[in-house]
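Source file: work.cif. Holds: mmCIF, N, CA and C atoms.
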data_data
#
loop_
_atom_site.label_atom_id
_atom_site.label_comp_id
_atom_site.auth_asym_id
_atom_site.auth_seq_id
_atom_site.Cartn_x
_atom_site.Cartn_y
_atom_site.Cartn_z
N MET A 3 120.92 59.55 106.98
CA MET A 3 120.72 60.79 107.74
C MET A 3 121.87 61.76 107.48
N ASP A 4 123.09 61.23 107.30
CA ASP A 4 124.24 62.09 107.05
C ASP A 4 124.07 62.93 105.79
N ASP A 5 123.46 62.32 104.75
CA ASP A 5 123.22 63.07 103.51
C ASP A 5 122.29 64.24 103.76
N LEU A 6 121.26 64.02 104.56
CA LEU A 6 120.31 65.09 104.87
C LEU A 6 120.99 66.20 105.66
N VAL A 7 121.80 65.85 106.64
CA VAL A 7 122.50 66.86 107.44
C VAL A 7 123.44 67.68 106.56
N ARG A 8 124.22 67.01 105.71
CA ARG A 8 125.13 67.74 104.81
C ARG A 8 124.35 68.66 103.87
N TRP A 9 123.24 68.15 103.34
CA TRP A 9 122.43 68.95 102.42
C TRP A 9 121.85 70.17 103.14
N LEU A 10 121.36 69.98 104.36
CA LEU A 10 120.83 71.11 105.13
C LEU A 10 121.93 72.13 105.42
N GLU A 11 123.10 71.67 105.77
CA GLU A 11 124.21 72.59 106.01
C GLU A 11 124.53 73.39 104.75
N ASP A 12 124.48 72.75 103.60
CA ASP A 12 124.70 73.45 102.33
C ASP A 12 123.64 74.53 102.11
N GLN A 13 122.39 74.23 102.44
CA GLN A 13 121.30 75.19 102.25
C GLN A 13 121.50 76.40 103.17
N LEU A 14 121.91 76.13 104.39
CA LEU A 14 122.14 77.23 105.34
C LEU A 14 123.33 78.08 104.91
N HIS A 15 124.36 77.45 104.39
CA HIS A 15 125.51 78.22 103.88
C HIS A 15 125.07 79.10 102.71
N ASP A 16 124.22 78.56 101.83
CA ASP A 16 123.70 79.35 100.71
C ASP A 16 122.89 80.53 101.21
N ASP A 17 122.00 80.28 102.19
CA ASP A 17 121.19 81.38 102.76
C ASP A 17 122.09 82.47 103.32
N GLU A 18 123.12 82.07 104.05
CA GLU A 18 124.05 83.02 104.65
C GLU A 18 124.78 83.83 103.58
N ARG A 19 125.28 83.14 102.56
CA ARG A 19 126.01 83.80 101.48
C ARG A 19 125.12 84.82 100.76
N ILE A 20 123.90 84.42 100.46
CA ILE A 20 122.96 85.30 99.75
C ILE A 20 122.61 86.52 100.60
N ALA A 21 122.37 86.29 101.90
CA ALA A 21 122.02 87.41 102.78
C ALA A 21 123.17 88.40 102.91
N LYS A 22 124.38 87.88 103.05
CA LYS A 22 125.54 88.77 103.17
C LYS A 22 125.77 89.55 101.88
N ALA A 23 125.56 88.90 100.75
CA ALA A 23 125.71 89.61 99.47
C ALA A 23 124.67 90.72 99.34
N ALA A 24 123.46 90.48 99.82
CA ALA A 24 122.41 91.50 99.76
C ALA A 24 122.75 92.70 100.64
N MET A 25 123.49 92.46 101.70
CA MET A 25 123.87 93.56 102.59
C MET A 25 124.96 94.43 101.95
N GLU A 26 125.68 93.89 101.01
CA GLU A 26 126.77 94.64 100.38
C GLU A 26 126.33 95.30 99.09
N PHE A 27 125.42 94.83 98.46
CA PHE A 27 124.78 95.12 97.18
C PHE A 27 125.41 96.04 96.16
N PRO A 28 126.73 96.22 96.03
CA PRO A 28 127.24 96.82 94.81
C PRO A 28 126.89 95.91 93.64
N GLY A 29 126.72 96.50 92.49
CA GLY A 29 126.29 95.72 91.34
C GLY A 29 124.83 95.99 91.03
N ARG A 30 124.09 96.48 92.02
CA ARG A 30 122.75 96.96 91.74
C ARG A 30 122.92 98.24 90.96
N GLU A 31 121.88 98.98 90.81
CA GLU A 31 121.98 100.24 90.08
C GLU A 31 122.87 101.16 90.88
N GLU A 32 124.13 101.23 90.49
CA GLU A 32 125.13 101.90 91.32
C GLU A 32 124.83 103.36 91.58
N HIS A 33 124.14 104.02 90.66
CA HIS A 33 123.83 105.42 90.90
C HIS A 33 122.81 105.59 92.02
N LEU A 34 122.13 104.51 92.41
CA LEU A 34 121.15 104.58 93.48
C LEU A 34 121.74 104.23 94.84
N VAL A 35 122.93 103.64 94.86
CA VAL A 35 123.55 103.25 96.12
C VAL A 35 124.31 104.44 96.68
N PRO A 36 123.94 104.88 97.87
CA PRO A 36 124.61 106.07 98.42
C PRO A 36 126.07 105.82 98.74
N ARG A 37 126.85 106.89 98.66
CA ARG A 37 128.29 106.84 98.98
C ARG A 37 128.60 107.93 99.98
N ASP A 38 129.64 107.70 100.75
CA ASP A 38 130.08 108.74 101.67
C ASP A 38 130.90 109.77 100.89
N PRO A 39 131.32 110.88 101.52
CA PRO A 39 132.08 111.90 100.79
C PRO A 39 133.38 111.37 100.17
N GLY A 40 133.94 110.27 100.71
CA GLY A 40 135.15 109.69 100.16
C GLY A 40 134.88 108.72 99.02
N GLY A 41 133.60 108.51 98.67
CA GLY A 41 133.25 107.63 97.57
C GLY A 41 133.02 106.18 97.95
N ARG A 42 133.11 105.85 99.25
CA ARG A 42 132.87 104.47 99.70
C ARG A 42 131.37 104.21 99.75
N TRP A 43 130.98 102.94 99.44
CA TRP A 43 129.57 102.56 99.52
C TRP A 43 129.07 102.74 100.95
N LEU A 44 127.88 103.26 101.09
CA LEU A 44 127.20 103.28 102.38
C LEU A 44 126.29 102.06 102.39
N LEU A 45 126.71 101.02 103.06
CA LEU A 45 125.98 99.76 103.05
C LEU A 45 124.76 99.85 103.96
N PRO A 46 123.76 99.01 103.69
CA PRO A 46 122.56 99.04 104.53
C PRO A 46 122.90 98.86 106.00
N GLN A 47 122.20 99.59 106.84
CA GLN A 47 122.40 99.55 108.28
C GLN A 47 121.24 98.83 108.94
N GLY A 48 121.53 97.75 109.66
CA GLY A 48 120.52 97.08 110.48
C GLY A 48 119.33 96.57 109.70
N ARG A 49 118.20 96.62 110.34
CA ARG A 49 116.95 96.09 109.78
C ARG A 49 116.48 96.92 108.60
N TRP A 50 115.79 96.26 107.70
CA TRP A 50 115.16 96.96 106.59
C TRP A 50 113.70 97.20 106.96
N VAL A 51 113.17 98.33 106.54
CA VAL A 51 111.79 98.69 106.87
C VAL A 51 111.04 99.09 105.60
N HIS A 52 109.75 98.91 105.65
CA HIS A 52 108.87 99.32 104.56
C HIS A 52 108.28 100.66 104.96
N ARG A 53 108.30 101.62 104.04
CA ARG A 53 107.72 102.93 104.35
C ARG A 53 107.27 103.59 103.06
N ARG A 54 106.54 104.64 103.22
CA ARG A 54 106.14 105.45 102.08
C ARG A 54 107.27 106.41 101.74
N GLY A 55 107.63 106.45 100.48
CA GLY A 55 108.66 107.37 100.04
C GLY A 55 108.04 108.64 99.51
N ASP A 56 108.80 109.38 98.78
CA ASP A 56 108.30 110.59 98.15
C ASP A 56 107.13 110.25 97.23
N TYR A 57 106.19 111.10 97.14
CA TYR A 57 105.04 110.96 96.26
C TYR A 57 104.16 109.76 96.62
N GLY A 58 104.31 109.22 97.83
CA GLY A 58 103.44 108.15 98.30
C GLY A 58 103.80 106.76 97.82
N ALA A 59 104.88 106.61 97.07
CA ALA A 59 105.28 105.29 96.61
C ALA A 59 105.89 104.51 97.77
N THR A 60 105.75 103.18 97.75
CA THR A 60 106.34 102.36 98.80
C THR A 60 107.80 102.09 98.48
N VAL A 61 108.64 102.14 99.50
CA VAL A 61 110.07 101.85 99.36
C VAL A 61 110.50 100.96 100.51
N VAL A 62 111.64 100.32 100.33
CA VAL A 62 112.29 99.58 101.41
C VAL A 62 113.55 100.37 101.74
N ALA A 63 113.73 100.69 103.03
CA ALA A 63 114.88 101.48 103.46
C ALA A 63 115.53 100.81 104.66
N ASP A 64 116.80 101.14 104.90
CA ASP A 64 117.46 100.62 106.09
C ASP A 64 117.14 101.52 107.27
N GLU A 65 117.65 101.13 108.44
CA GLU A 65 117.35 101.90 109.66
C GLU A 65 117.86 103.33 109.61
N ALA A 66 118.87 103.58 108.78
CA ALA A 66 119.40 104.93 108.65
C ALA A 66 118.58 105.75 107.66
N GLY A 67 117.55 105.15 107.07
CA GLY A 67 116.69 105.87 106.13
C GLY A 67 117.13 105.79 104.69
N ARG A 68 118.23 105.07 104.42
CA ARG A 68 118.71 104.95 103.04
C ARG A 68 117.85 103.96 102.27
N VAL A 69 117.42 104.33 101.09
CA VAL A 69 116.53 103.50 100.29
C VAL A 69 117.29 102.33 99.68
N ILE A 70 116.73 101.13 99.82
CA ILE A 70 117.32 99.91 99.28
C ILE A 70 116.57 99.49 98.02
N VAL A 71 115.25 99.54 98.07
CA VAL A 71 114.41 99.30 96.89
C VAL A 71 113.71 100.62 96.61
N PRO A 72 114.19 101.35 95.60
CA PRO A 72 113.66 102.69 95.36
C PRO A 72 112.27 102.67 94.76
N ALA A 73 111.61 103.81 94.87
CA ALA A 73 110.24 103.94 94.38
C ALA A 73 110.14 103.69 92.89
N ASP A 74 111.17 104.04 92.11
CA ASP A 74 111.06 103.83 90.68
C ASP A 74 111.13 102.35 90.30
N ASN A 75 111.50 101.50 91.28
CA ASN A 75 111.48 100.05 91.08
C ASN A 75 110.40 99.40 91.93
N ASP A 76 109.46 100.20 92.39
CA ASP A 76 108.43 99.72 93.31
C ASP A 76 107.63 98.58 92.70
N GLN A 77 107.46 97.53 93.46
CA GLN A 77 106.70 96.37 93.02
C GLN A 77 105.35 96.30 93.74
N GLY A 78 105.01 97.33 94.45
CA GLY A 78 103.74 97.34 95.17
C GLY A 78 103.95 97.13 96.66
N THR A 79 102.95 97.51 97.40
CA THR A 79 103.04 97.48 98.85
C THR A 79 103.32 96.09 99.39
N SER A 80 102.60 95.07 98.93
CA SER A 80 102.78 93.73 99.50
C SER A 80 104.19 93.20 99.25
N VAL A 81 104.76 93.47 98.10
CA VAL A 81 106.12 93.01 97.81
C VAL A 81 107.13 93.78 98.66
N SER A 82 106.93 95.08 98.80
CA SER A 82 107.84 95.88 99.62
C SER A 82 107.82 95.41 101.07
N ILE A 83 106.66 95.11 101.58
CA ILE A 83 106.55 94.62 102.96
C ILE A 83 107.28 93.28 103.08
N HIS A 84 107.09 92.41 102.10
CA HIS A 84 107.75 91.10 102.13
C HIS A 84 109.27 91.26 102.12
N ILE A 85 109.78 92.11 101.26
CA ILE A 85 111.23 92.34 101.19
C ILE A 85 111.74 92.86 102.53
N ALA A 86 111.05 93.82 103.11
CA ALA A 86 111.49 94.39 104.38
C ALA A 86 111.45 93.36 105.51
N GLU A 87 110.42 92.52 105.53
CA GLU A 87 110.28 91.52 106.59
C GLU A 87 111.28 90.38 106.46
N HIS A 88 111.86 90.19 105.30
CA HIS A 88 112.83 89.11 105.08
C HIS A 88 114.20 89.70 104.75
N ASP A 89 114.54 90.73 105.51
CA ASP A 89 115.83 91.40 105.28
C ASP A 89 116.99 90.47 105.63
N PRO A 90 118.20 90.80 105.19
CA PRO A 90 119.35 89.93 105.44
C PRO A 90 119.61 89.65 106.92
N MET A 91 119.39 90.62 107.79
CA MET A 91 119.62 90.40 109.22
C MET A 91 118.72 89.28 109.73
N ARG A 92 117.46 89.30 109.31
CA ARG A 92 116.53 88.25 109.74
C ARG A 92 116.97 86.89 109.20
N VAL A 93 117.40 86.85 107.95
CA VAL A 93 117.85 85.59 107.35
C VAL A 93 119.05 85.05 108.13
N LEU A 94 120.00 85.91 108.47
CA LEU A 94 121.17 85.46 109.22
C LEU A 94 120.78 84.94 110.61
N GLU A 95 119.80 85.59 111.24
CA GLU A 95 119.32 85.11 112.53
C GLU A 95 118.64 83.74 112.38
N GLU A 96 117.91 83.56 111.29
CA GLU A 96 117.25 82.29 111.03
C GLU A 96 118.28 81.19 110.77
N VAL A 97 119.34 81.50 110.04
CA VAL A 97 120.40 80.53 109.79
C VAL A 97 121.01 80.09 111.13
N THR A 98 121.29 81.04 112.00
CA THR A 98 121.85 80.71 113.32
C THR A 98 120.91 79.82 114.11
N ALA A 99 119.63 80.15 114.12
CA ALA A 99 118.65 79.36 114.87
C ALA A 99 118.53 77.95 114.30
N LYS A 100 118.48 77.82 112.98
CA LYS A 100 118.38 76.49 112.37
C LYS A 100 119.64 75.67 112.63
N THR A 101 120.80 76.31 112.60
CA THR A 101 122.05 75.62 112.88
C THR A 101 122.04 75.07 114.30
N LYS A 102 121.59 75.86 115.26
CA LYS A 102 121.50 75.42 116.65
C LYS A 102 120.48 74.30 116.80
N LEU A 103 119.36 74.41 116.09
CA LEU A 103 118.33 73.39 116.16
C LEU A 103 118.84 72.06 115.59
N ILE A 104 119.57 72.11 114.49
CA ILE A 104 120.14 70.89 113.91
C ILE A 104 121.12 70.25 114.90
N ALA A 105 122.00 71.06 115.50
CA ALA A 105 122.96 70.54 116.47
C ALA A 105 122.24 69.88 117.64
N TRP A 106 121.18 70.51 118.13
CA TRP A 106 120.40 69.94 119.22
C TRP A 106 119.73 68.64 118.78
N ALA A 107 119.14 68.66 117.59
CA ALA A 107 118.42 67.48 117.08
C ALA A 107 119.33 66.27 116.97
N LEU A 108 120.58 66.50 116.58
CA LEU A 108 121.52 65.39 116.41
C LEU A 108 121.86 64.70 117.72
N LYS A 109 121.52 65.32 118.86
CA LYS A 109 121.78 64.72 120.17
C LYS A 109 120.55 64.00 120.72
N GLN A 110 119.46 64.00 119.97
CA GLN A 110 118.21 63.39 120.40
C GLN A 110 118.11 61.96 119.89
N PRO A 111 117.11 61.22 120.38
CA PRO A 111 116.89 59.87 119.84
C PRO A 111 116.66 59.93 118.32
N ALA A 112 117.04 58.88 117.62
CA ALA A 112 117.02 58.85 116.16
C ALA A 112 115.68 59.27 115.56
N ASP A 113 114.59 58.82 116.14
CA ASP A 113 113.27 59.16 115.59
C ASP A 113 113.00 60.66 115.69
N THR A 114 113.36 61.26 116.81
CA THR A 114 113.20 62.70 116.99
C THR A 114 114.10 63.47 116.03
N THR A 115 115.35 63.02 115.93
CA THR A 115 116.29 63.67 115.00
C THR A 115 115.74 63.66 113.60
N ARG A 116 115.27 62.50 113.14
CA ARG A 116 114.74 62.37 111.79
C ARG A 116 113.56 63.32 111.56
N LYS A 117 112.64 63.39 112.51
CA LYS A 117 111.46 64.26 112.37
C LYS A 117 111.87 65.73 112.27
N ILE A 118 112.76 66.16 113.14
CA ILE A 118 113.17 67.57 113.15
C ILE A 118 113.90 67.93 111.87
N LEU A 119 114.86 67.10 111.47
CA LEU A 119 115.62 67.40 110.25
C LEU A 119 114.72 67.43 109.02
N ARG A 120 113.77 66.53 108.96
CA ARG A 120 112.85 66.51 107.82
C ARG A 120 111.95 67.76 107.81
N LEU A 121 111.55 68.21 108.97
CA LEU A 121 110.74 69.44 109.02
C LEU A 121 111.54 70.64 108.55
N ILE A 122 112.80 70.73 108.96
CA ILE A 122 113.65 71.83 108.50
C ILE A 122 113.85 71.72 106.99
N ALA A 123 114.13 70.51 106.51
CA ALA A 123 114.35 70.29 105.07
C ALA A 123 113.13 70.66 104.25
N GLU A 124 111.96 70.53 104.81
CA GLU A 124 110.73 70.86 104.08
C GLU A 124 110.72 72.32 103.63
N THR A 125 111.36 73.19 104.40
CA THR A 125 111.40 74.60 104.01
C THR A 125 112.28 74.84 102.79
N TYR A 126 113.08 73.84 102.43
CA TYR A 126 113.98 73.95 101.28
C TYR A 126 113.61 72.96 100.17
N ARG A 127 112.43 72.39 100.20
CA ARG A 127 112.05 71.33 99.26
C ARG A 127 112.10 71.77 97.80
N HIS A 128 112.04 73.05 97.55
CA HIS A 128 112.07 73.57 96.17
C HIS A 128 113.49 73.66 95.61
N ARG A 129 114.49 73.44 96.44
CA ARG A 129 115.87 73.58 96.00
C ARG A 129 116.41 72.27 95.43
N PRO A 130 117.38 72.40 94.51
CA PRO A 130 117.98 71.20 93.94
C PRO A 130 118.62 70.32 95.02
N GLY A 131 118.47 69.03 94.85
CA GLY A 131 119.08 68.07 95.77
C GLY A 131 118.13 67.56 96.83
N HIS A 132 116.99 68.21 97.00
CA HIS A 132 116.02 67.72 97.99
C HIS A 132 115.49 66.37 97.52
N GLN A 133 115.40 65.43 98.45
CA GLN A 133 114.96 64.09 98.10
C GLN A 133 113.57 63.83 98.67
N ALA A 134 112.75 63.15 97.88
CA ALA A 134 111.37 62.87 98.28
C ALA A 134 111.29 62.14 99.61
N GLU A 135 112.26 61.27 99.89
CA GLU A 135 112.19 60.50 101.16
C GLU A 135 112.43 61.37 102.38
N TRP A 136 112.86 62.61 102.18
CA TRP A 136 113.05 63.52 103.30
C TRP A 136 111.77 64.24 103.70
N ARG A 137 110.71 64.04 102.96
CA ARG A 137 109.44 64.70 103.32
C ARG A 137 108.98 64.21 104.68
N PRO A 138 108.42 65.09 105.49
CA PRO A 138 107.97 64.67 106.84
C PRO A 138 106.80 63.67 106.76
#

When written as structure tokens, how does the structure in this file appear?
Amino acid sequence: MDDLVRWLEDQLHDDERIAKAAMEFPGREEHLVPRDPGGRWLLPQGRWVHRRGDYGATVVADEAGRVIVPADNDQGTSVSIHIAEHDPMRVLEEVTAKTKLIAWALKQPADTTRKILRLIAETYRHRPGHQAEWRP
């Protein structure tokens, strides 16, 4: 069980790292990332939303209206909606919730702990290190 807990913690740390990197996103097409008058990056603010941009193309923008996935890189409405619904803030909230759930599960009877941890691990079954015996 310890191996599964350590592996899950690693997955949550990866999710957190990836989400935080997406919130900072220098390295993308830098000419598309807005800057303040002093030249500092204007990082995404709060939740990401899907909306129609200029000329009717779908874009993903932050709450301040700054475009994160511009229309010239549009992948279609369904992809834009998916990106907006799985924004970094949501991922960080999910990491927090899963961390609390794991902590709670570890205080339960062994059978309950095993079931809960395996169900959480199932969401990461595509990642390296997942073991077949962890399937629910």

Hits of the PyMOL selection byres ((chain A and resi 63) around 6.5) in this structure, as a PyMOL selection string: chain A and resi 49-53+61-62+64-71

Figure out the distance between atom CA of Thr114 of chain A and atom CA of Asp16 of chain A, please, to one decimal in Å.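 If I compute the distance from atom CA of Asp16 of chain A to atom CA of Thr114 of chain A, I get 25.5 Å.
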
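Rounded to one decimal, atom CA of Gly131 of chain A and atom CA of Ala107 of chain A lie 21.3 Å from each other.
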
To one decimal in Å, tell me the separation between atom CA of Lys109 of chain A and atom CA of Glu135 of chain A.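 Computed distance, atom CA of Lys109 of chain A to atom CA of Glu135 of chain A, equals 21.7 Å.
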
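Compared by their closest atoms to Arg92 of chain A, and using only C-alpha atoms, the residues A:Ile104, A:Leu10, A:Asp5, A:Lys22 rank with A:Lys22 nearest.
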